[in-house]
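Beneath this line is the structure, given in structure tokens, with notes to follow.
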Amino acid sequence: MADDNNPLMSGAGTDDDLAAITKLGASRAKLKAEIAKVIIGQDHVVDDLLTAMFSRGHCLMIGVPGLAKTLMVSTIARAIDLPFNRIQFTPDLMPSDITGTEIIEEDKTTGSRQFKFVKGPVFANILLADEINRTPPKTQAALLQAMQELQVTVGGDTYDLPQPFFVLATQNPIEQEGTYPLPEAQLDRFMFEIRIGYPTPEEELQIGKTTTADVEADITKVLAGTEILELQHIVRRLPVSDHVGRYAVDLARMTRPDEEFAPDFTREFVTWGAGTRAVQYLILGAKARAAIAGEYNVTCDHIRTVAPLVLRHRIIPNFHAEAEGVTPQHLVEMLIEHTPEPTAESYA
């Protein structure tokens with residue numbers, strides 16, 4: 001059954017579609033220009049975030065403290081005319097602190113009492129889950145339904161979240177005391193895992209000079225919620241050939257150690273590989289990557305560009321990999337090198 005929400009859907013190109021791709025590229029340029037007023041460098045990180053945003057996906061951002069992860073998210077929120085909430089995840093945070101809770105409300109006229117639902121901070125278009133791994137899995141699970149189904153269920157009633165809806169979560173990779181590793185089901189809800197590294201010396205000097213001056217950047221809102229929804233539909237209308245789709249499937253299947261044609265290093269170092277959602281996100285991410293670059297043709301190069309972002313948090317290495325220092329990033333790089341693009345014989 002064809003569906004506009006299906007990342008594998010393809011359609012014929014039209015002048016309207018080409019004009020829409022041009023519009024999406026222009027919107028990305030405007031957003032980056034506003035973000036650059038506050039964030040210096042990190043161009044690839046901004047592109048990764050915008051790729052996920054236009055794909056209707058969520059992001060997990062990993063980096064040491066002081067690399068402007070939170071500032072980057074709040075700056076994006078300032079440049080988009082959408083409600084933004086931040087939740088600071090702590091060990092004592094409860095699920096109701098995220099989703100909201102029911103309270104008893106008394107009608108002063110009649111004296112009758114009834115339950116009233118008070119919405120929690122998850123009811124926003126952009127949700128920053130700061131240090132998400134500092135709260136127990138019970139509280140982390142409060143986001144599962146919200147991220148997958150865009151709904152929240154409390155007291156037997158289900159409430160729709162506003163759209164568009166993005167969860168941008170941050171995580172500190174070095175301080176493990178008092179943290180709770182994210183369950184695989186939670187990790188799989190994130191389209192991308194984005195690694196944020198240190199800036200270059202030149203960027204660091206500019207950051208030091210800019211942030212210590214008595215000047216506050218004036219961020220202009222360049223996109224509204226309805227425009228974001230329109231751009232998301234543009235991305236999903238982009239056609240994808242069987243050649244590109246098969247390559248995404250091959251990459252995901254090569255991560256699974258019990259797959260018939262899995263490479264030896266996968267069998268040696270991997271406990272669990274990526275599921276089918278990885279194939280969807282590889283194709284959808286490739287579509288968005290092409291679209292924000294103003295390109296209508298989605299290629300295997302676009303798949304390779306987003307593959308580390310999609311696959312590295314979906315590959316579970318075994319003890320042998322940890323002992324040998326083989327990380328999921330290394331495995332993805334080896335998979336990209338090992339997995340050839342499909343040939344005519346692949347379709348026989």
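For the structure tokens, the naming scheme is as follows: chains receive sequential letters (A, B, ...) according to their order of presentation, residues are indexed from 1 within each chain, and ligands are indexed from 1 in presentation order.
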Legend entry - Test item, helix (DSSP H, G or I) assignment across range 60-172 of chain A, answer as an NGL selection string: :A and (69-79 or 96-99 or 132-134 or 137-149)
Legend entry - Non-local contacts of range 190-195 of chain A (8 Å; only C-alpha atoms; under 6 positions in same chain excluded) as a list of chain:residue names: A:Val45, A:Asp48, A:Ala52, A:Gly57, A:His58, A:Cys59, A:Leu60, A:Met61, A:Ile62, A:Gly63, A:Tyr281, A:Leu309, A:Val310, A:Arg312, A:His313
Inset, instruction - Return as a ChimeraX atom specification the full set of residues in range 191-282 of chain A whose backbone-based DSSP assignment is strand (DSSP E). - result: /A:192-195,223-224,270-272
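Between CA of Glu203 in chain A and CA of Ala26 in chain A the interatomic distance comes to 25.2 Å.
Residues with any atom within 9 Å of Thr276 in chain A, counting only C-alpha atoms and excluding same-chain neighbours fewer than 2 positions away, are Val249, Ala252, Arg253, Ala274, Ala278, Val279, Gln280 and Tyr281 of chain A.
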